[in-house]
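All remarks here apply to the structure that follows.
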Amino acid sequence: MRKRTYTEDEIAAEEQRFGGALPEELRRRYLEGIHQEIVVRFPEDGRGAVAFTLGPSTTTTDKKGRAYPTPGLTQETERSRDLMPAGVLVAWADDESGNRAVVMDDGRVLWWWHDADPGDELEAVEIVWDPSPEAFDAVENGEPLP
């Protein structure tokens with residue numbers, strides 16, 4: 001699996017845009033390389049979900065050489081901001097159906113269900129940073145993670 005890396009300047013600029021700081025582990029993963037696909041594990045039943053990581057906005061060029069900024073954590077978070085509960089600092093991964101791994105303003109990483117009622121609690125998750133093929137198979141089959 002391919003990893004994406006980001007520079008300290010790119011991470012710091014994104015943190016300034018959303019007005020907070022990423023947890024140290026997540027920040028380190030962005031610097032050293034973060035998989036595009038991770039697995040979140042729900043401790044209550046051991047099952048998981050595949051989530052696609054979002055990164056800081058970067059500058060890229062199109063086929064004609066024109067530079068433009070890519071969407072980043074802040075921009076992606078703002079698309080759902082009015083649906084999310086208070087205390088969500090930024091979303092950093094999603095399962096492509098609207099559910100997202102979020103960083104809370106107190107630094108906790110939780111799972112926000114898109115269809116949750118506004119007063120529902122966000123769910124604690126464990127992050128599988130380097131998922132095995134068996135982990136992806138377990139998610140696909142609705143089984144507890146190995």
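Every chain in the structure tokens takes a letter, A first, then B, and so on in the order presented; its residues are numbered from 1, and the ligands are numbered from 1 following the presented order.
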| message | Using only C-alpha atoms, which protein or nucleic acid residues come within 10 Å of stretch 5-19 of chain A? Drop anything in the same chain fewer than 2 positions from it, and give the result as an MDAnalysis selection string. | response | chainID A and resid 3 21:22 27:35 55:59 72:75 77:78 89:90 105
| message | Using DSSP assignments from the backbone, pull out every residue in stretch 25-106 of chain A that falls under strand (DSSP E or B) and give it to me as an NGL selection string. | response | :A and (34-35 or 37-41 or 48-53 or 59-61 or 67-69 or 88-94 or 100-104)
| field | Residues near A:Ser97, cut-off 12 Å, only C-alpha atoms, skip fewer than 2 positions along chain, as an MDAnalysis selection string | value | chainID A and resid 49:52 93:95 99:100 112:115
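When only C-alpha atoms are used to compute distances to A:Ser132, the closest of the residues A:Asp106, A:Glu37, A:Asp117, A:Glu76 turns out to be A:Glu37.
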| field | Residue neighbourhood A:Gly46, 6 Å, only C-alpha atoms, exclusion window fewer than 3 positions, as an MDAnalysis selection string | value | chainID A and resid 42:43 144:145
Which neighbours of stretch 127-131 of chain A fall inside 6 Å, counting only C-alpha atoms, when residues of the same chain fewer than 3 positions from it are skipped, and could you give them as a PDB file with N, CA and C atoms, in the first residue's frame?
```pdb
ATOM      1  N   ILE A  38      -6.829   3.061   5.946  1.00  0.00           N
ATOM      2  CA  ILE A  38      -6.562   2.525   7.273  1.00  0.00           C
ATOM      3  C   ILE A  38      -7.806   1.766   7.714  1.00  0.00           C
ATOM      4  N   VAL A  39      -7.735   1.139   8.856  1.00  0.00           N
ATOM      5  CA  VAL A  39      -8.902   0.474   9.427  1.00  0.00           C
ATOM      6  C   VAL A  39      -9.131   1.053  10.808  1.00  0.00           C
ATOM      7  N   VAL A  40     -10.382   1.370  11.101  1.00  0.00           N
ATOM      8  CA  VAL A  40     -10.746   1.756  12.467  1.00  0.00           C
ATOM      9  C   VAL A  40     -11.436   0.554  13.095  1.00  0.00           C
ATOM     10  N   ALA A 135      -7.139  -7.979   7.821  1.00  0.00           N
ATOM     11  CA  ALA A 135      -7.984  -6.957   8.450  1.00  0.00           C
ATOM     12  C   ALA A 135      -9.019  -6.432   7.452  1.00  0.00           C
TER      13      ALA A 135
END
```
| request: Determine which residues of stretch 24-108 of chain A receive a DSSP assignment of helix (DSSP H, G or I), computed from the backbone, and state them as a PyMOL selection string. | output: chain A and resi 24-32+73-78
